[in-house]
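Quick notes on the structure that follows.
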Amino acid sequence: MTAHVFFAPFEGEESQESICAKTQRLFRSAGFGSLVGEDDLTAIKTHFGERGNTSYVPPAFVKVVVDEVREAGGRPCLVETSTLYRGQRSNAYDHYNLALEHGFGPQKMGCPLLFVDGLKGHQHVEVPVDLKHFRTVAVAADLTLMPSLLVVTHLTGHMLAGMGGAIKNVAMGLASRAGKLRQHSAGRPEVTDEECIACGTCARWCPEDAIEVEDVARIDYDRCIGCGECVSVCPVGAVGISWNESAEAFNEKMVEYAWGILRDKADRTGFVTFIHRTTKDCNCEGRAGEVICEDVGILASTDPVAVDQAAVDLVNEAHGGDLFAETWPDLLPEAQLAYGEEIGLGTRRYELVTL
Ligand code: SF4
Ligand code: SF4
């Protein structure tokens with residue numbers, strides 16, 4: 001099987017108008033209008049960015065997808081879920097307000113903004129998958145009521161997965177809090193005593209109160225859920241992840257979640273991925289991210305594995321090496337692609353159709 005991946009390359013510094021025009025052309029060239037049935041409630045999954053983050057897909061680009069879904073006869077709605085960790089996106093109320101601050105308000109976007117896992121991320125449906133890591137996956141409940149889905153992704157690196165593309169956007173972004181926890185729970189953070197300055201930041205952010213700080217930070221592994229928050233907030237990089245075999249397992253777990261989340265809309269889902277201001281960390285970081293690759297362009301496909309594979313190939317070509325493996329050694333983002341193909345989430349073989 002070979003998938004089609006449509007590609008709108010960037011030519012130097014692109015204006016907002018030019019990127020919007022390319023997004024519209026991609027949507028139409030990929031035939032995404034046909035994914036949307038008449039009056040379908042169509043979920044559009046993007047990421048509004050954590051407070052302080054500036055590298056999420058800008059609202060103007062997402063609005064092109066909103067407008068195209070409506071043009072195709074659907075009823076578009078932006079969808080999101082609550083995060084596992086403490087922050088501005090850990091419940092629907094605060095997350096909604098942050099979305100407004102970042103320009104994703106309903107009036108500006110021309111569609112509602114729905115939190116499909118409820119007020120506090122607890123509402124899910126157990127979808128059977130019977131795969132290696134999970135028998136069921138916890139899918140955000142209201143997403144299962146929506147027949148079609150557009151996934152708008154900002155390609156980034158990721159401190160736990162190595163890479164955050166379309167698969168991760170679906171797997172983490174459309175699971176309930178319990179589902180996120182199940183995917184994260186094998187990771188173990190470790191504090192390097194010599195580097196810790198005992199500032200207490202990790203303890204304040206830990207969602208499980210698993211950290212005590214005296215002379216240095218100490219983690220109670222009986223309470224730790226492996227969310228990785230302490231890794232991201234430590235100002236001096238004193239917390240790392242002890243992965244052993246679980247780096248691969250974490251990526252495979254995400255793939256199983258993506259498979260379960262998409263299984264009832266496999267023929268009704270499109271993926272739009274922006275290789276634009278690709279950062280070392282994901283958009284959950286509460287700061288402007290370090291850009292690690294030149295802007296490459298926008299991709300569109302109905303295959304999540306193919307669109308991620310094409311994104312990796314294009315950034316590697318632009319970078320002149322294996323960008324995510326060099327940025328996050330030992331995190332095995334390759335497992336997302338290999339296991340995704342193995343379980344039938346999609347194919348790594350694709351034909352790039354350049355517009
Ligand atoms: S100690 Fe565990 S639960 Fe607490 S922030 Fe770190 S990874 Fe998350
Ligand atoms: S945030 Fe980092 S430096 Fe501060 S107490 Fe935690 S481990 Fe130590």
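Residues in the structure tokens are named by chain (A, B, ... in the order shown) and by number from 1 within that chain; ligands are numbered from 1 in the order shown.
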
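Neighbours of ligand 1 at a cut-off of 7 Å, computed so that only C-alpha atoms and all ligand atoms are counted, are the residues A:Arg188, A:Pro189, A:Cys202, A:Trp205, A:Cys206, A:Pro207, A:Glu208, A:Asp209, A:Ala210, A:Ile211, A:Ile219, A:Arg223, A:Cys224, A:Ile225, A:Gly226, A:Cys227, A:Gly228, A:Glu229, A:Cys230, A:Val231.
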
**Study point:** Nearby residues (only C-alpha atoms) at most 12 Å from A:Arg182, same-chain spacing under 5 positions excluded, as an MDAnalysis selection string
**Key:** chainID A and resid 84 133:139 171:172 175:177 187 225:227 249:250 253:254 256:257

Give me, as a Markdown table, the closest atom pair and its distance (Å, one decimal) for every residue of chain A within a cut-off of 10 Å of ligand 2, counting only C-alpha atoms and all ligand atoms, rows sorted by chain and rising number.
```
| residue | atom | partner | partner_atom_place_in_ligand_line | distance |
| --- | --- | --- | --- | --- |
| A:Pro189 | CA | ligand 2 | 7 (S) | 9.9 |
| A:Glu190 | CA | ligand 2 | 7 (S) | 8.6 |
| A:Val191 | CA | ligand 2 | 7 (S) | 5.7 |
| A:Thr192 | CA | ligand 2 | 7 (S) | 7.5 |
| A:Asp193 | CA | ligand 2 | 8 (Fe) | 7.7 |
| A:Glu194 | CA | ligand 2 | 8 (Fe) | 9.4 |
| A:Glu195 | CA | ligand 2 | 3 (S) | 6.8 |
| A:Cys196 | CA | ligand 2 | 8 (Fe) | 3.7 |
| A:Ile197 | CA | ligand 2 | 3 (S) | 4.3 |
| A:Ala198 | CA | ligand 2 | 5 (S) | 3.8 |
| A:Cys199 | CA | ligand 2 | 4 (Fe) | 3.9 |
| A:Gly200 | CA | ligand 2 | 5 (S) | 4.0 |
| A:Thr201 | CA | ligand 2 | 1 (S) | 4.3 |
| A:Cys202 | CA | ligand 2 | 1 (S) | 4.1 |
| A:Ala203 | CA | ligand 2 | 6 (Fe) | 6.4 |
| A:Arg204 | CA | ligand 2 | 1 (S) | 8.7 |
| A:Trp205 | CA | ligand 2 | 1 (S) | 8.9 |
| A:Cys206 | CA | ligand 2 | 6 (Fe) | 9.8 |
| A:Ile211 | CA | ligand 2 | 6 (Fe) | 8.1 |
| A:Glu212 | CA | ligand 2 | 5 (S) | 8.4 |
| A:Val213 | CA | ligand 2 | 5 (S) | 6.0 |
| A:Glu214 | CA | ligand 2 | 5 (S) | 8.4 |
| A:Asp215 | CA | ligand 2 | 5 (S) | 8.7 |
| A:Val216 | CA | ligand 2 | 8 (Fe) | 5.8 |
| A:Ala217 | CA | ligand 2 | 5 (S) | 4.9 |
| A:Arg218 | CA | ligand 2 | 7 (S) | 8.2 |
| A:Ile219 | CA | ligand 2 | 7 (S) | 9.4 |
| A:Glu229 | CA | ligand 2 | 1 (S) | 9.9 |
| A:Cys230 | CA | ligand 2 | 1 (S) | 6.6 |
| A:Val231 | CA | ligand 2 | 2 (Fe) | 7.8 |
| A:Ser232 | CA | ligand 2 | 1 (S) | 8.8 |
| A:Val233 | CA | ligand 2 | 1 (S) | 6.2 |
| A:Cys234 | CA | ligand 2 | 1 (S) | 3.6 |
| A:Pro235 | CA | ligand 2 | 1 (S) | 5.9 |
| A:Val236 | CA | ligand 2 | 3 (S) | 5.7 |
| A:Gly237 | CA | ligand 2 | 2 (Fe) | 6.3 |
| A:Ala238 | CA | ligand 2 | 2 (Fe) | 4.9 |
| A:Val239 | CA | ligand 2 | 7 (S) | 5.4 |
| A:Gly240 | CA | ligand 2 | 7 (S) | 9.2 |
```

For the residues in the current selection, export N, CA and C atoms as a compact mmCIF listing (two decimals), in the first residue's frame.
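Output below, filename again01.txt:
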```txt
# COMPACT_ATOMS: atom_id res chain seq x y z
N PRO A 189 11.22 9.73 35.95
CA PRO A 189 12.18 10.83 36.00
C PRO A 189 13.26 10.55 37.05
N GLU A 190 14.44 11.13 36.85
CA GLU A 190 15.52 10.99 37.84
C GLU A 190 16.19 12.32 38.04
N VAL A 191 16.45 12.66 39.30
CA VAL A 191 17.12 13.92 39.63
C VAL A 191 18.62 13.67 39.75
N THR A 192 19.40 14.53 39.08
CA THR A 192 20.86 14.49 39.26
C THR A 192 21.19 15.43 40.42
N ASP A 193 21.57 14.84 41.55
CA ASP A 193 21.76 15.62 42.78
C ASP A 193 22.72 16.78 42.59
N GLU A 194 23.81 16.53 41.87
CA GLU A 194 24.85 17.57 41.73
C GLU A 194 24.32 18.79 40.98
N GLU A 195 23.28 18.62 40.18
CA GLU A 195 22.76 19.74 39.38
C GLU A 195 21.59 20.44 40.06
N CYS A 196 20.93 19.77 40.98
CA CYS A 196 19.73 20.33 41.61
C CYS A 196 20.10 21.50 42.53
N ILE A 197 19.38 22.62 42.37
CA ILE A 197 19.62 23.80 43.22
C ILE A 197 18.52 23.97 44.26
N ALA A 198 17.69 22.93 44.40
CA ALA A 198 16.65 22.90 45.44
C ALA A 198 15.69 24.08 45.36
N CYS A 199 15.33 24.47 44.13
CA CYS A 199 14.45 25.65 43.97
C CYS A 199 12.98 25.30 44.26
N GLY A 200 12.62 24.02 44.16
CA GLY A 200 11.25 23.61 44.49
C GLY A 200 10.25 23.70 43.34
N THR A 201 10.69 24.15 42.18
CA THR A 201 9.77 24.31 41.05
C THR A 201 9.10 22.98 40.69
N CYS A 202 9.89 21.92 40.64
CA CYS A 202 9.33 20.61 40.24
C CYS A 202 8.24 20.17 41.22
N ALA A 203 8.47 20.40 42.50
CA ALA A 203 7.49 19.98 43.51
C ALA A 203 6.18 20.76 43.36
N ARG A 204 6.29 22.03 43.01
CA ARG A 204 5.07 22.84 42.85
C ARG A 204 4.26 22.39 41.64
N TRP A 205 4.93 21.89 40.61
CA TRP A 205 4.22 21.49 39.39
C TRP A 205 3.79 20.03 39.39
N CYS A 206 4.38 19.22 40.22
CA CYS A 206 4.07 17.79 40.19
C CYS A 206 2.59 17.55 40.49
N ILE A 211 7.07 14.83 44.87
CA ILE A 211 8.44 15.34 45.04
C ILE A 211 8.55 16.12 46.35
N GLU A 212 9.57 15.81 47.10
CA GLU A 212 9.92 16.60 48.29
C GLU A 212 11.29 17.19 48.07
N VAL A 213 11.45 18.44 48.47
CA VAL A 213 12.73 19.11 48.27
C VAL A 213 13.28 19.55 49.62
N GLU A 214 14.43 19.02 49.96
CA GLU A 214 15.16 19.53 51.13
C GLU A 214 16.50 20.05 50.61
N ASP A 215 17.55 19.28 50.76
CA ASP A 215 18.81 19.72 50.15
C ASP A 215 18.78 19.54 48.63
N VAL A 216 18.11 18.48 48.18
CA VAL A 216 17.86 18.27 46.75
C VAL A 216 16.44 17.70 46.60
N ALA A 217 15.95 17.62 45.36
CA ALA A 217 14.62 17.06 45.12
C ALA A 217 14.67 15.54 45.23
N ARG A 218 13.66 14.97 45.90
CA ARG A 218 13.54 13.51 46.02
C ARG A 218 12.17 13.09 45.47
N ILE A 219 12.17 12.08 44.61
CA ILE A 219 10.92 11.63 43.97
C ILE A 219 10.43 10.36 44.65
N GLU A 229 6.39 16.16 33.86
CA GLU A 229 6.28 17.59 34.11
C GLU A 229 7.54 18.15 34.78
N CYS A 230 8.08 17.40 35.74
CA CYS A 230 9.27 17.88 36.45
C CYS A 230 10.44 18.05 35.50
N VAL A 231 10.50 17.21 34.47
CA VAL A 231 11.58 17.32 33.49
C VAL A 231 11.48 18.65 32.76
N SER A 232 10.27 19.01 32.43
CA SER A 232 10.11 20.22 31.60
C SER A 232 10.23 21.51 32.40
N VAL A 233 9.90 21.49 33.68
CA VAL A 233 9.90 22.76 34.41
C VAL A 233 11.21 23.05 35.13
N CYS A 234 12.06 22.07 35.31
CA CYS A 234 13.31 22.31 36.06
C CYS A 234 14.16 23.36 35.34
N PRO A 235 14.48 24.46 36.01
CA PRO A 235 15.18 25.55 35.32
C PRO A 235 16.64 25.24 34.99
N VAL A 236 17.20 24.19 35.64
CA VAL A 236 18.62 23.90 35.39
C VAL A 236 18.82 22.53 34.74
N GLY A 237 17.73 21.91 34.32
CA GLY A 237 17.85 20.62 33.64
C GLY A 237 18.35 19.50 34.54
N ALA A 238 17.99 19.56 35.81
CA ALA A 238 18.49 18.53 36.75
C ALA A 238 17.66 17.25 36.72
N VAL A 239 16.50 17.28 36.04
CA VAL A 239 15.67 16.08 36.00
C VAL A 239 15.70 15.49 34.60
N GLY A 240 16.08 14.24 34.52
CA GLY A 240 16.06 13.52 33.25
C GLY A 240 15.13 12.34 33.37
```

Point to revise | Nearest residue to A:Gly270 from the set A:Leu332, A:Leu131, A:Val152, A:Val62 (distances using only C-alpha atoms) | key: A:Val152

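When only C-alpha atoms are used to measure the gap to A:Val57, the shortest distance among A:Arg287, A:His184, A:Arg268, A:His276 belongs to A:His276.
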
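With distances taken over only C-alpha atoms, A:Ser148 is the one residue among A:Ser15, A:Ser55, A:Thr83, A:Ser148 lying closest to A:Leu41.
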
Exercise for review: Tell me which protein, DNA and RNA residues are within 9 Å of A:Gly87, counting only C-alpha atoms, leaving out same-chain ones fewer than 4 positions away, and put them as a ChimeraX atom specification.
Suggested key: /A:50-51,83,91,94-95,205,286

Take the residues from that selection and put them in a file with N, CA, C and O atoms, as a PDB file, in the first residue's frame.
```pdb
ATOM      1  N   GLU A  50       0.552  26.115  25.368  1.00  0.00           N
ATOM      2  CA  GLU A  50       0.556  26.428  26.808  1.00  0.00           C
ATOM      3  C   GLU A  50       0.830  27.924  26.968  1.00  0.00           C
ATOM      4  O   GLU A  50       1.335  28.578  26.042  1.00  0.00           O
ATOM      5  N   ARG A  51       0.465  28.492  28.111  1.00  0.00           N
ATOM      6  CA  ARG A  51       0.741  29.930  28.337  1.00  0.00           C
ATOM      7  C   ARG A  51       2.254  30.166  28.234  1.00  0.00           C
ATOM      8  O   ARG A  51       3.042  29.437  28.843  1.00  0.00           O
ATOM      9  N   THR A  83      -5.023  18.533  30.024  1.00  0.00           N
ATOM     10  CA  THR A  83      -3.713  17.901  30.166  1.00  0.00           C
ATOM     11  C   THR A  83      -3.651  17.063  31.442  1.00  0.00           C
ATOM     12  O   THR A  83      -4.447  17.220  32.363  1.00  0.00           O
ATOM     13  N   ASN A  91      -7.878  21.949  32.916  1.00  0.00           N
ATOM     14  CA  ASN A  91      -9.343  21.807  32.975  1.00  0.00           C
ATOM     15  C   ASN A  91      -9.934  22.669  31.877  1.00  0.00           C
ATOM     16  O   ASN A  91      -9.276  23.580  31.352  1.00  0.00           O
ATOM     17  N   ASP A  94     -10.051  26.805  32.383  1.00  0.00           N
ATOM     18  CA  ASP A  94      -8.792  27.538  32.187  1.00  0.00           C
ATOM     19  C   ASP A  94      -8.269  27.377  30.758  1.00  0.00           C
ATOM     20  O   ASP A  94      -7.707  28.310  30.180  1.00  0.00           O
ATOM     21  N   HIS A  95      -8.469  26.194  30.234  1.00  0.00           N
ATOM     22  CA  HIS A  95      -8.003  25.917  28.866  1.00  0.00           C
ATOM     23  C   HIS A  95      -8.749  26.812  27.864  1.00  0.00           C
ATOM     24  O   HIS A  95      -8.163  27.373  26.936  1.00  0.00           O
ATOM     25  N   TRP A 205       4.928  21.893  40.607  1.00  0.00           N
ATOM     26  CA  TRP A 205       4.221  21.494  39.386  1.00  0.00           C
ATOM     27  C   TRP A 205       3.794  20.035  39.386  1.00  0.00           C
ATOM     28  O   TRP A 205       2.945  19.634  38.599  1.00  0.00           O
ATOM     29  N   GLY A 286       5.742  25.850  28.477  1.00  0.00           N
ATOM     30  CA  GLY A 286       5.261  27.197  28.775  1.00  0.00           C
ATOM     31  C   GLY A 286       6.281  28.270  28.441  1.00  0.00           C
ATOM     32  O   GLY A 286       6.523  29.176  29.231  1.00  0.00           O
TER      33      GLY A 286
END
```

Revision key, fill the gap. With distances taken over only C-alpha atoms, the candidate from A:Phe61, A:Phe6, A:Tyr93, A:Phe104 nearest A:Ala21 is A:Phe61

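When only C-alpha atoms are used to compute distances to A:Asn316, the closest of the residues A:Ser301, A:Val129, A:Val296, A:Arg89 turns out to be A:Val296.
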
Exercise for review: Would you list, as a PyMOL selection string, the residues of stretch 134-344 of chain A that end up in strand (DSSP E or B) under DSSP run on this structure's backbone?
Suggested key: chain A and resi 136-140+148-154+156-158+162-164+175+188-191+211-213+217-219+239-242+269-275+279+291+297-301

Review point. Just asking: which residues within stretch 119-265 of chain A are alpha helix (DSSP H) according to DSSP, as JSON, numbers by chain?
Key: {"A": [166, 167, 168, 169, 170, 171, 172, 173, 177, 178, 179, 180, 181, 182, 183, 184, 201, 202, 203, 204, 205, 229, 230, 231, 232, 233, 246, 247, 248, 249, 250, 251, 252, 253, 254, 255, 256, 257, 258, 259, 260, 261, 262]}

**Study point:** Close residues, A:Gly118 itself excluded, 9 Å, only C-alpha atoms, min 4 positions apart in chain, as a VMD selection string
**Key:** chain A and resid 81 to 82 91 to 92 114 122 to 124 140 to 142 176

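The interatomic distance for the pair atom CA of A:Ala266 and atom CA of A:Glu38 works out to 17.7 Å.
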
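For the pair atom CA of A:Lys120 and atom CA of A:Gln183, the interatomic distance is 18.1 Å.
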
Practice item. Within 10 Å of A:Pro58, counting only C-alpha atoms, which residues show up once you throw out same-chain ones fewer than 3 positions away? Write them as a PyMOL selection string, please. Key: chain A and resi 16+46-49+54-55+61-63+102-104+154

Residues as selected, C-alpha atoms, written as a PDB file, in the first residue's frame, can you do that?
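Ended up saving to out.pdb:
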```pdb
ATOM      1  CA  GLN A  16       0.493  34.747   6.621  1.00  0.00           C
ATOM      2  CA  THR A  46      -5.204  21.407  17.067  1.00  0.00           C
ATOM      3  CA  HIS A  47      -3.165  22.641  20.045  1.00  0.00           C
ATOM      4  CA  PHE A  48      -3.746  26.076  21.542  1.00  0.00           C
ATOM      5  CA  GLY A  49      -0.278  26.251  23.118  1.00  0.00           C
ATOM      6  CA  THR A  54       4.303  30.910  20.853  1.00  0.00           C
ATOM      7  CA  SER A  55       4.968  28.139  18.367  1.00  0.00           C
ATOM      8  CA  PHE A  61      -4.014  28.885   9.546  1.00  0.00           C
ATOM      9  CA  VAL A  62      -6.442  26.729  11.546  1.00  0.00           C
ATOM     10  CA  LYS A  63      -9.308  28.975  10.464  1.00  0.00           C
ATOM     11  CA  HIS A 102      -4.146  32.849  22.028  1.00  0.00           C
ATOM     12  CA  GLY A 103      -6.685  33.930  19.439  1.00  0.00           C
ATOM     13  CA  PHE A 104      -8.835  30.795  19.128  1.00  0.00           C
ATOM     14  CA  HIS A 154       2.613  21.520  14.539  1.00  0.00           C
TER      15      HIS A 154
END
```

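Counting from atom CA of A:Ala306, the distance to atom CA of A:Gly340 is 9.6 Å.
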
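Of the residues under consideration (A:His319, A:Val79, A:Leu262, A:Lys168), A:Lys168 shows the shortest atom-to-atom contact distance to A:Leu337 when counting only C-alpha atoms.
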
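Within 8 Å of A:Leu149, once only C-alpha atoms are used and residues closer than 3 positions along the same chain are dropped, the contacting residues are Thr42, Ala43, Ile44, Lys45, Met146, Lys265, Arg268, Thr269 and Gly270 of chain A.
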
Practice item. Find the residues around A:Val272 up to 10 Å (only C-alpha atoms counted), leave out those fewer than 5 positions away in its own chain, and share them as a PyMOL selection string. Key: chain A and resi 5-7+23+26-27+30+32+46+62+65+150-154+166+298-302+304+307

How would the residues just chosen look if you wrote them out with C-alpha atoms as an mmCIF file, in the first residue's frame?
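And here is the file that came out, part_29.cif:
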```cif
data_model
loop_
_atom_site.group_PDB
_atom_site.id
_atom_site.type_symbol
_atom_site.label_atom_id
_atom_site.label_comp_id
_atom_site.auth_asym_id
_atom_site.auth_seq_id
_atom_site.Cartn_x
_atom_site.Cartn_y
_atom_site.Cartn_z
ATOM 1 C CA VAL A 5 1.001 12.899 0.927
ATOM 2 C CA PHE A 6 0.370 16.344 -0.509
ATOM 3 C CA PHE A 7 3.093 18.912 0.076
ATOM 4 C CA THR A 23 -3.329 25.518 3.369
ATOM 5 C CA LEU A 26 -3.678 21.550 0.159
ATOM 6 C CA PHE A 27 -7.066 20.870 1.756
ATOM 7 C CA ALA A 30 -6.051 16.231 -0.801
ATOM 8 C CA PHE A 32 -10.523 16.564 2.372
ATOM 9 C CA THR A 46 -5.204 21.407 17.067
ATOM 10 C CA VAL A 62 -6.442 26.729 11.546
ATOM 11 C CA VAL A 65 -9.501 24.406 7.823
ATOM 12 C CA LEU A 150 -9.307 17.004 10.849
ATOM 13 C CA VAL A 151 -6.014 16.890 12.757
ATOM 14 C CA VAL A 152 -3.959 20.072 12.488
ATOM 15 C CA THR A 153 -0.465 19.460 13.829
ATOM 16 C CA HIS A 154 2.613 21.520 14.539
ATOM 17 C CA ALA A 166 0.105 13.684 13.809
ATOM 18 C CA ILE A 298 2.748 22.003 4.940
ATOM 19 C CA LEU A 299 1.651 18.393 4.451
ATOM 20 C CA ALA A 300 -1.781 16.829 4.033
ATOM 21 C CA SER A 301 -2.765 13.162 3.935
ATOM 22 C CA THR A 302 -5.447 10.776 5.102
ATOM 23 C CA PRO A 304 -1.231 9.426 9.895
ATOM 24 C CA VAL A 307 2.195 12.097 6.961
#
```
